[in-house]
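Novice: Encoded as structure tokens, here's the structure I'll be asking about.
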Amino acid sequence: MEGIRVYIPMVVLALLGLVLQFVLSNAIQIGNATPNFVIAFALIIAVVYPVFGSVVIGFLMGLLYNLLGTGPVGGLALVLTIMTYLLMQLFRRMEAPNFFFSLGILFVGAFLCELFYGILTGVFVSGISVSEALRLRALPCGVYDALITCVLYPLPALLMRVMANRGQDAGVWKM
């Protein structure tokens, strides 16, 4: 069982992702592509801390996003729960993941999250075809989210390095 100290940086990153989503995401929209910081931070948490709590935090972040924003309630929670579980299992079994492998996995994971969520919201909520959901929402937002995730991934590295210097659990980055 993990100690409570493991969950403190996870909660801080989750709250940061939610605040950035509701404050900053519309300001940096490019065309139809709006970045989803909730997806980015949920996946980053699952990679940095491959413990079961990252799946719970991914679910809660998705649920809060759906309750406070738009889209079907539980849609993003479902997608994030599945993806954070897969990433948690992958990184839990890895001995020492390197930085660039982690970036690649995050890029693919963020793209797939946005792809599945875009199809889910486009087809079931908006009533448009799958090809229109892919073209109008899923592909542009998927690439944007994947890039945002890769840009934000070093942020927890700094947080984990500071915590490792203070003698706390450093997650994946053991110093």
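Chains: A, B, ... in order of the structure tokens. Residues: from 1 per chain. Ligands: from 1, in order shown.
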Would you list, as a PyMOL selection string, the residues of region 25-126 of chain A that end up in alpha helix (DSSP H) under DSSP run on this structure's backbone?
Specialist: chain A and resi 37-48+52-68+75-93+99-121
Novice: Might you pull out every residue within 8 Å of region 87-95 of chain A, with only C-alpha atoms counted and same-chain residues fewer than 3 positions away left off, and present them as a list in words?
Specialist: Leu43, Ala46, Val47, Tyr49, Pro50, Val51, Phe52, Ser54, Val55, Met83 and Thr84 of chain A
Novice: Could you save the residues just selected, with C-alpha atoms, as a PDB file, in the first residue's frame?
Specialist:
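Listing of result.pdb after writing:
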ATOM      1  CA  LEU A  43      -1.741  10.621 -18.329  1.00  0.00           C
ATOM      2  CA  ALA A  46      -0.209   7.677 -14.548  1.00  0.00           C
ATOM      3  CA  VAL A  47       3.278   7.625 -16.086  1.00  0.00           C
ATOM      4  CA  TYR A  49       3.281   7.466 -10.463  1.00  0.00           C
ATOM      5  CA  PRO A  50       2.313   4.007 -11.729  1.00  0.00           C
ATOM      6  CA  VAL A  51       0.131   3.183  -8.715  1.00  0.00           C
ATOM      7  CA  PHE A  52      -3.579   2.406  -8.588  1.00  0.00           C
ATOM      8  CA  SER A  54      -3.432   7.334 -10.600  1.00  0.00           C
ATOM      9  CA  VAL A  55      -6.392   5.472 -12.114  1.00  0.00           C
ATOM     10  CA  MET A  83      -6.032   4.811 -20.561  1.00  0.00           C
ATOM     11  CA  THR A  84      -4.552   5.553 -17.132  1.00  0.00           C
TER      12      THR A  84
END
Novice: Can you tell me which residues surround region 150-152 of chain A at a distance of at most 10 Å, considering only C-alpha atoms, apart from same-chain residues fewer than 6 positions away, and format the answer as a VMD selection string?
Specialist: chain A and resid 37 40 to 41 44 100 102 to 107 110
Novice: Show which residues sit within 12 Å of Leu134 (chain A), as a PyMOL selection string. Count only C-alpha atoms, and ignore same-chain residues fewer than 4 positions away.
Specialist: chain A and resi 32-33+111-112+114-123+128-130+138-143
Novice: Counting only C-alpha atoms, which of A:Val125, A:Leu155, A:Val56, A:Ala42 gets nearest to Gly71 (chain A)?
Specialist: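 Of all the options, A:Val125 lies closest to Gly71 (chain A).
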Novice: Report the distance between CA of Leu80 (chain A) and CA of Glu132 (chain A) in Å, rounded to one decimal place.
Specialist: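 Rounded to one decimal, the two atoms are 22.7 Å apart.
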Novice: Taking 3 positions as the minimum chain separation for residues in the same chain, which residues sit within 7 Å of Thr34 (chain A) when counting only C-alpha atoms? Answer as a list in words.
Specialist: Ser25, Asn26, Gln29, Ile30 and Cys141 of chain A
Novice: Please provide as a PyMOL selection string all residues within 10 Å of Gly62 (chain A), with the sequence filter that same-chain residues fewer than 6 positions apart are discarded (counting only C-alpha atoms).
Specialist: chain A and resi 18+38-39+42+56+68+73-81
Novice: Based on the selection just made, write C-alpha atoms of those residues as a tab-separated table (two decimals), in the first residue's frame.
Specialist:
chain	number	residue	atom	x	y	z
A	18	LEU	CA	-8.25	21.19	-13.91
A	38	VAL	CA	-7.22	17.15	-18.02
A	39	ILE	CA	-6.12	14.42	-20.43
A	42	ALA	CA	-4.08	12.49	-15.99
A	56	VAL	CA	-8.71	6.86	-9.43
A	68	LEU	CA	-18.19	21.26	-14.87
A	73	VAL	CA	-21.29	12.90	-18.01
A	74	GLY	CA	-18.77	10.13	-17.50
A	75	GLY	CA	-17.47	10.08	-21.07
A	76	LEU	CA	-14.03	11.46	-20.36
A	77	ALA	CA	-13.99	9.62	-17.03
A	78	LEU	CA	-14.41	6.33	-18.90
A	79	VAL	CA	-11.71	7.12	-21.45
A	80	LEU	CA	-9.25	8.34	-18.81
A	81	THR	CA	-9.89	5.37	-16.53
Novice: Ranking A:Gly58, A:Gly3, A:Gly53, A:Pro9 by minimum distance to Cys113 (chain A) and counting only C-alpha atoms, which one comes first?
Specialist: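 Nearest candidate to Cys113 (chain A) out of A:Gly58, A:Gly3, A:Gly53, A:Pro9: A:Gly58.
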Novice: Hey, which of A:Gly17, A:Pro97, A:Pro156, A:Gly109 ends up closest to Pro35 (chain A)? Count only C-alpha atoms.
Specialist: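 Nearest to Pro35 (chain A): A:Gly17.
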